[in-house]
Amino acid sequence: MTLSNSTGHVADHLDIVVPILRSGVLARQFCERVAFANVEAVFERCLYLRCDGDFVCIGAPDIGNGPLTLIGDLRHLPRPKSLAGQIASISDERITIGNSIRFALSESALWRASDWPLCPSPDRLIDLCGALASRAAIRASHEGLARCVIGAEATVGLARLARPRIKFFEGWVSEVLDGRPGSAGTSRKAVQGLIGLGPGLTPSGDDFLLGALAVLAAIGESDAHAAMARAIVDALPDRTTPLSGCFLRAAAAGHVGENLHRVVSSIMTDRLDAAVAAAGKIGHSSGWDMMAGILTMLRLVTERRKRSQPAS
């Protein structure tokens, strides 16, 4: 990080260079095609750049890698809140905000999520689903959707609102898994009830769908993943926050962040306590909302695979 002027003395107007260590694949594409972006939001450990409906997150290493994320050391950024609303100029080598802050991209490593682990057998997947639901019943956040999908009492307003919508969504997914995806209108309706459901930059319903997409990809249900991805992209416009919509489009295209990947991979490799711990560290309740989508998909897929097993 450079804190001096061209003469080598400390400058009154600091010229700060932050090396970007890792670039998510979609973040790199953003930097290759976008010339200017707005600093849309600034938080303690990250800031977001926006150009039209696309976002890039510049964040500290502890937020985790992701397809839309540029990872660098942000500890010495001066008054980061003051950056909100400024214009960033972008090239494939650097991002410059104002006259004093540059994020160097030239040495960053490209980050992609690793391949999913091998899918467990149908019988083992059924066991994992039941054991995971038992853990969630004890440890899941009382906010959001996790307790809604494990049959807990729906006492929170959001859960009461979500339960019939999730039920309709489950019916559609079951038909998709059986090779009967239905009409485009039915597909849109199945996800429209969840997109944008709940407060915040990433509403609970959106996080639920992120978890659902991730686990479908992980267990090899490619047709169901493609059908859900199409339905989400078709239903998205103006139904949720622009940032959350960007995350959903990325997930629909098969791009999953490191933290969600860790949750699902831990489940697949029979490390359920690690999966629960990882979910609890994602946002305020986002990880548990993702877990709600994961649990829902696992239950539906395992029920179908159990039905399709030959009678012994």
# chains A, B, ... in the order shown; residues from 1 in each chain; ligands from 1
$ residues_around --residues "Asp54 of chain A" --least-positions-apart "6" --cutoff "10 Å" --atoms "only C-alpha atoms" --output "list in words"
Leu26, Ala27, Phe30, Val34, Ala37, Leu68, Pro242, Leu243, Gly245, Cys246, Phe247 and Arg249 of chain A
$ write_last_selection --atoms "N, CA and C atoms" --output "short mmCIF file (atom, residue, chain, number, x, y, z; two decimals), in the first residue's frame"
data_model
loop_
_atom_site.label_atom_id
_atom_site.label_comp_id
_atom_site.auth_asym_id
_atom_site.auth_seq_id
_atom_site.Cartn_x
_atom_site.Cartn_y
_atom_site.Cartn_z
N LEU A 26 -16.80 -13.35 -12.48
CA LEU A 26 -17.72 -12.34 -12.97
C LEU A 26 -17.22 -10.93 -12.65
N ALA A 27 -16.52 -10.78 -11.54
CA ALA A 27 -15.92 -9.49 -11.22
C ALA A 27 -14.87 -9.11 -12.25
N PHE A 30 -16.58 -7.98 -15.37
CA PHE A 30 -17.10 -6.63 -15.13
C PHE A 30 -16.01 -5.59 -15.41
N VAL A 34 -16.53 -2.70 -18.33
CA VAL A 34 -17.12 -1.48 -17.77
C VAL A 34 -16.04 -0.42 -17.61
N ALA A 37 -18.20 3.17 -12.99
CA ALA A 37 -19.23 2.61 -12.12
C ALA A 37 -19.42 3.53 -10.92
N LEU A 68 -18.54 -12.45 -7.78
CA LEU A 68 -18.68 -11.01 -8.00
C LEU A 68 -17.71 -10.21 -7.15
N PRO A 242 -31.71 -4.51 -6.51
CA PRO A 242 -30.78 -4.71 -7.63
C PRO A 242 -29.59 -5.60 -7.27
N LEU A 243 -29.05 -5.45 -6.06
CA LEU A 243 -27.90 -6.26 -5.65
C LEU A 243 -28.28 -7.73 -5.53
N GLY A 245 -30.74 -9.23 -6.97
CA GLY A 245 -31.00 -9.73 -8.31
C GLY A 245 -29.72 -10.13 -9.03
N CYS A 246 -28.67 -9.37 -8.80
CA CYS A 246 -27.38 -9.70 -9.42
C CYS A 246 -26.84 -11.02 -8.87
N PHE A 247 -26.97 -11.24 -7.56
CA PHE A 247 -26.55 -12.52 -6.98
C PHE A 247 -27.37 -13.68 -7.55
N ARG A 249 -28.90 -13.87 -10.49
CA ARG A 249 -28.50 -14.13 -11.88
C ARG A 249 -27.19 -14.90 -11.93
#
$ closest_atom_pairs --of "segment 128-243 of chain A" --to "segment 283-291 of chain A" --cutoff "10 Å" --atoms "only C-alpha atoms" --output "JSON lines"
{"residue": "A:Leu132", "atom": "CA", "partner": "A:Met291", "partner_atom": "CA", "distance": 9.5}
{"residue": "A:Ala133", "atom": "CA", "partner": "A:Met291", "partner_atom": "CA", "distance": 9.6}
{"residue": "A:Ala136", "atom": "CA", "partner": "A:Met291", "partner_atom": "CA", "distance": 8.5}
{"residue": "A:Arg139", "atom": "CA", "partner": "A:Trp288", "partner_atom": "CA", "distance": 9.5}
{"residue": "A:Ala140", "atom": "CA", "partner": "A:Trp288", "partner_atom": "CA", "distance": 6.4}
{"residue": "A:Ser141", "atom": "CA", "partner": "A:Ser285", "partner_atom": "CA", "distance": 6.6}
{"residue": "A:His142", "atom": "CA", "partner": "A:Ser285", "partner_atom": "CA", "distance": 8.8}
{"residue": "A:Glu143", "atom": "CA", "partner": "A:Ser285", "partner_atom": "CA", "distance": 6.7}
{"residue": "A:Gly144", "atom": "CA", "partner": "A:Asp289", "partner_atom": "CA", "distance": 5.9}
{"residue": "A:Leu145", "atom": "CA", "partner": "A:Asp289", "partner_atom": "CA", "distance": 5.4}
{"residue": "A:Ala146", "atom": "CA", "partner": "A:Asp289", "partner_atom": "CA", "distance": 5.6}
{"residue": "A:Arg147", "atom": "CA", "partner": "A:Trp288", "partner_atom": "CA", "distance": 9.0}
{"residue": "A:Cys148", "atom": "CA", "partner": "A:Asp289", "partner_atom": "CA", "distance": 9.9}
{"residue": "A:Val149", "atom": "CA", "partner": "A:Met291", "partner_atom": "CA", "distance": 9.6}
{"residue": "A:Gly200", "atom": "CA", "partner": "A:Ser286", "partner_atom": "CA", "distance": 10.0}
{"residue": "A:Thr202", "atom": "CA", "partner": "A:Ser286", "partner_atom": "CA", "distance": 7.6}
{"residue": "A:Pro203", "atom": "CA", "partner": "A:Ser286", "partner_atom": "CA", "distance": 8.0}
{"residue": "A:Ser204", "atom": "CA", "partner": "A:Asp289", "partner_atom": "CA", "distance": 5.6}
{"residue": "A:Gly205", "atom": "CA", "partner": "A:Asp289", "partner_atom": "CA", "distance": 7.4}
{"residue": "A:Asp206", "atom": "CA", "partner": "A:Met290", "partner_atom": "CA", "distance": 8.4}
{"residue": "A:Asp207", "atom": "CA", "partner": "A:Met290", "partner_atom": "CA", "distance": 4.9}
{"residue": "A:Phe208", "atom": "CA", "partner": "A:Met290", "partner_atom": "CA", "distance": 4.5}
{"residue": "A:Leu209", "atom": "CA", "partner": "A:Met290", "partner_atom": "CA", "distance": 7.1}
{"residue": "A:Leu210", "atom": "CA", "partner": "A:Met290", "partner_atom": "CA", "distance": 6.2}
{"residue": "A:Gly211", "atom": "CA", "partner": "A:Met290", "partner_atom": "CA", "distance": 4.2}
{"residue": "A:Ala212", "atom": "CA", "partner": "A:Met290", "partner_atom": "CA", "distance": 7.3}
{"residue": "A:Leu213", "atom": "CA", "partner": "A:Met290", "partner_atom": "CA", "distance": 9.6}
{"residue": "A:Ala214", "atom": "CA", "partner": "A:Met290", "partner_atom": "CA", "distance": 9.1}
{"residue": "A:Val215", "atom": "CA", "partner": "A:Met291", "partner_atom": "CA", "distance": 9.7}
$ residues_around --residues "Val191 of chain A" --least-positions-apart "5" --cutoff "10 Å" --atoms "only C-alpha atoms" --output "PyMOL selection string"
chain A and resi 165-166+168-169+172+186+196+205-206+209+228-229+231-236
$ write_last_selection --atoms "C-alpha atoms" --output "JSON list (two decimals), in the first residue's frame"
[["chain", "number", "residue", "atom", "x", "y", "z"],
["A", 165, "ARG", "CA", -45.41, -19.80, -0.99],
["A", 166, "ILE", "CA", -42.81, -22.44, -0.19],
["A", 168, "PHE", "CA", -46.44, -23.96, -3.92],
["A", 169, "PHE", "CA", -42.75, -23.84, -4.86],
["A", 172, "TRP", "CA", -43.61, -27.16, -8.77],
["A", 186, "THR", "CA", -46.41, -21.75, -13.60],
["A", 196, "GLY", "CA", -37.83, -10.33, -2.84],
["A", 205, "GLY", "CA", -36.62, -15.59, -0.21],
["A", 206, "ASP", "CA", -33.68, -14.78, -2.47],
["A", 209, "LEU", "CA", -33.36, -19.73, -3.83],
["A", 228, "MET", "CA", -35.24, -23.15, -11.79],
["A", 229, "ALA", "CA", -32.56, -20.87, -13.23],
["A", 231, "ALA", "CA", -37.76, -19.36, -13.97],
["A", 232, "ILE", "CA", -35.74, -17.06, -11.70],
["A", 233, "VAL", "CA", -34.21, -15.02, -14.52],
["A", 234, "ASP", "CA", -37.61, -14.75, -16.20],
["A", 235, "ALA", "CA", -39.30, -13.57, -12.99],
["A", 236, "LEU", "CA", -36.54, -11.27, -11.70]]
$ atom_distance --atom1 "atom CA of Leu298 of chain A" --atom2 "atom CA of Pro199 of chain A"
25.7 Å
$ residues_around --residues "Pro120 of chain A" --least-positions-apart "5" --cutoff "8 Å" --atoms "only C-alpha atoms" --output "number ranges by chain"
A: 125, 268-269
$ closest_residue --among "A:Leu272, A:Val39, A:Ala60, A:Gly53" --to "Asp238 of chain A" --atoms "only C-alpha atoms"
A:Gly53
$ closest_residue --among "A:Ser183, A:Thr296, A:Ser23, A:Thr240" --to "Ile150 of chain A" --atoms "only C-alpha atoms"
A:Thr296
$ residues_around --residues "Gly66 of chain A" --least-positions-apart "5" --cutoff "8 Å" --atoms "only C-alpha atoms" --output "count of residues only"
7
$ atom_distance --atom1 "atom CA of Arg188 of chain A" --atom2 "atom CA of His255 of chain A"
21.2 Å
$ residues_around --residues "Trp116 of chain A" --least-positions-apart "3" --cutoff "9 Å" --atoms "only C-alpha atoms" --output "list in words"
Ala113, Cys119, Ala217, Ala218, Ile219, His261, Val264, Ser265 and Met268 of chain A
$ residues_around --residues "Asn38 of chain A" --least-positions-apart "6" --cutoff "10 Å" --atoms "only C-alpha atoms" --output "number ranges by chain"
A: 48-52, 55, 83-89, 97
$ write_last_selection --atoms "N, CA and C atoms" --output "mmCIF file, in the first residue's frame"
data_model
loop_
_atom_site.group_PDB
_atom_site.id
_atom_site.type_symbol
_atom_site.label_atom_id
_atom_site.label_comp_id
_atom_site.auth_asym_id
_atom_site.auth_seq_id
_atom_site.Cartn_x
_atom_site.Cartn_y
_atom_site.Cartn_z
ATOM 1 N N TYR A 48 -19.467 -1.676 -2.696
ATOM 2 C CA TYR A 48 -20.055 -2.190 -3.923
ATOM 3 C C TYR A 48 -20.013 -1.136 -5.016
ATOM 4 N N LEU A 49 -19.563 -1.565 -6.193
ATOM 5 C CA LEU A 49 -19.618 -0.747 -7.395
ATOM 6 C C LEU A 49 -20.774 -1.228 -8.246
ATOM 7 N N ARG A 50 -21.471 -0.274 -8.880
ATOM 8 C CA ARG A 50 -22.625 -0.635 -9.707
ATOM 9 C C ARG A 50 -22.551 0.048 -11.058
ATOM 10 N N CYS A 51 -22.845 -0.712 -12.087
ATOM 11 C CA CYS A 51 -23.042 -0.179 -13.434
ATOM 12 C C CYS A 51 -24.315 -0.812 -13.971
ATOM 13 N N ASP A 52 -25.345 -0.007 -14.153
ATOM 14 C CA ASP A 52 -26.664 -0.502 -14.543
ATOM 15 C C ASP A 52 -27.106 -1.560 -13.525
ATOM 16 N N PHE A 55 -23.166 -5.550 -10.403
ATOM 17 C CA PHE A 55 -22.423 -5.125 -9.223
ATOM 18 C C PHE A 55 -21.110 -5.882 -9.123
ATOM 19 N N LEU A 83 -16.685 7.420 0.531
ATOM 20 C CA LEU A 83 -16.575 7.012 -0.866
ATOM 21 C C LEU A 83 -17.933 6.822 -1.529
ATOM 22 N N ALA A 84 -18.983 6.644 -0.726
ATOM 23 C CA ALA A 84 -20.307 6.377 -1.278
ATOM 24 C C ALA A 84 -20.735 7.498 -2.216
ATOM 25 N N GLY A 85 -21.217 7.104 -3.379
ATOM 26 C CA GLY A 85 -21.688 8.063 -4.363
ATOM 27 C C GLY A 85 -20.632 8.553 -5.331
ATOM 28 N N GLN A 86 -19.358 8.238 -5.080
ATOM 29 C CA GLN A 86 -18.317 8.660 -6.004
ATOM 30 C C GLN A 86 -18.298 7.771 -7.248
ATOM 31 N N ILE A 87 -17.623 8.260 -8.270
ATOM 32 C CA ILE A 87 -17.502 7.527 -9.529
ATOM 33 C C ILE A 87 -16.152 6.817 -9.562
ATOM 34 N N ALA A 88 -16.173 5.553 -9.928
ATOM 35 C CA ALA A 88 -14.947 4.772 -10.089
ATOM 36 C C ALA A 88 -14.662 4.610 -11.577
ATOM 37 N N SER A 89 -13.439 4.896 -11.971
ATOM 38 C CA SER A 89 -13.016 4.596 -13.342
ATOM 39 C C SER A 89 -12.317 3.238 -13.335
ATOM 40 N N ILE A 97 -10.824 5.457 -7.616
ATOM 41 C CA ILE A 97 -11.919 6.228 -7.024
ATOM 42 C C ILE A 97 -11.367 7.571 -6.597
#
$ atom_distance --atom1 "atom CA of Phe43 of chain A" --atom2 "atom CA of Lys81 of chain A"
7.3 Å
$ select_by_dssp --residues "segment 2-100 of chain A" --states "strand (DSSP E or B)" --output "ChimeraX atom specification"
/A:4,10,16-24,36-42,46-51,54-59,69-72,87-90,94-97
$ write_last_selection --atoms "C-alpha atoms" --output "PDB file, in the first residue's frame"
ATOM      1  CA  SER A   4       3.707   8.682  -0.268  1.00  0.00           C
ATOM      2  CA  VAL A  10       4.207  11.505   2.994  1.00  0.00           C
ATOM      3  CA  ILE A  16      -3.408   4.759  -1.664  1.00  0.00           C
ATOM      4  CA  VAL A  17      -2.853   1.660  -3.772  1.00  0.00           C
ATOM      5  CA  VAL A  18      -4.646  -1.492  -2.642  1.00  0.00           C
ATOM      6  CA  PRO A  19      -3.495  -4.672  -4.411  1.00  0.00           C
ATOM      7  CA  ILE A  20      -6.380  -6.934  -5.328  1.00  0.00           C
ATOM      8  CA  LEU A  21      -5.358 -10.468  -4.404  1.00  0.00           C
ATOM      9  CA  ARG A  22      -8.189 -12.485  -5.977  1.00  0.00           C
ATOM     10  CA  SER A  23     -10.811 -11.682  -8.593  1.00  0.00           C
ATOM     11  CA  GLY A  24     -14.046 -13.605  -8.979  1.00  0.00           C
ATOM     12  CA  PHE A  36     -17.159   3.707 -15.099  1.00  0.00           C
ATOM     13  CA  ALA A  37     -19.235   2.610 -12.120  1.00  0.00           C
ATOM     14  CA  ASN A  38     -20.860   4.237  -9.133  1.00  0.00           C
ATOM     15  CA  VAL A  39     -19.806   3.477  -5.557  1.00  0.00           C
ATOM     16  CA  GLU A  40     -23.276   2.247  -4.634  1.00  0.00           C
ATOM     17  CA  ALA A  41     -22.796   1.219  -1.004  1.00  0.00           C
ATOM     18  CA  VAL A  42     -20.017   1.123   1.577  1.00  0.00           C
ATOM     19  CA  CYS A  46     -16.575  -4.050   1.728  1.00  0.00           C
ATOM     20  CA  LEU A  47     -17.924  -1.642  -0.834  1.00  0.00           C
ATOM     21  CA  TYR A  48     -20.055  -2.190  -3.923  1.00  0.00           C
ATOM     22  CA  LEU A  49     -19.618  -0.747  -7.395  1.00  0.00           C
ATOM     23  CA  ARG A  50     -22.625  -0.635  -9.707  1.00  0.00           C
ATOM     24  CA  CYS A  51     -23.042  -0.179 -13.434  1.00  0.00           C
ATOM     25  CA  ASP A  54     -24.405  -5.296 -12.459  1.00  0.00           C
ATOM     26  CA  PHE A  55     -22.423  -5.125  -9.223  1.00  0.00           C
ATOM     27  CA  VAL A  56     -18.915  -5.865  -8.046  1.00  0.00           C
ATOM     28  CA  CYS A  57     -17.956  -6.189  -4.394  1.00  0.00           C
ATOM     29  CA  ILE A  58     -14.501  -5.044  -3.258  1.00  0.00           C
ATOM     30  CA  GLY A  59     -13.976  -6.661   0.112  1.00  0.00           C
ATOM     31  CA  THR A  69     -15.921 -10.233  -5.493  1.00  0.00           C
ATOM     32  CA  LEU A  70     -12.501  -8.562  -5.613  1.00  0.00           C
ATOM     33  CA  ILE A  71     -10.496  -9.380  -2.482  1.00  0.00           C
ATOM     34  CA  GLY A  72      -7.954  -6.904  -1.088  1.00  0.00           C
ATOM     35  CA  ILE A  87     -17.502   7.527  -9.529  1.00  0.00           C
ATOM     36  CA  ALA A  88     -14.947   4.772 -10.089  1.00  0.00           C
ATOM     37  CA  SER A  89     -13.016   4.596 -13.342  1.00  0.00           C
ATOM     38  CA  ILE A  90     -12.173   1.029 -14.356  1.00  0.00           C
ATOM     39  CA  ARG A  94      -6.925  -0.800 -11.986  1.00  0.00           C
ATOM     40  CA  ILE A  95      -9.991   0.734 -10.394  1.00  0.00           C
ATOM     41  CA  THR A  96      -9.593   4.371  -9.386  1.00  0.00           C
ATOM     42  CA  ILE A  97     -11.919   6.228  -7.024  1.00  0.00           C
TER      43      ILE A  97
END
$ closest_residue --among "A:Gly198, A:Pro237, A:Gly220, A:Gly64" --to "Leu158 of chain A" --atoms "only C-alpha atoms"
A:Gly198
$ select_by_dssp --residues "segment 77-292 of chain A" --states "helix (DSSP H, G or I)" --output "NGL selection string"
:A and (80-83 or 122-139 or 146-149 or 157-177 or 184-192 or 204-218 or 222-235 or 242-252 or 258-268 or 272-280 or 286-292)
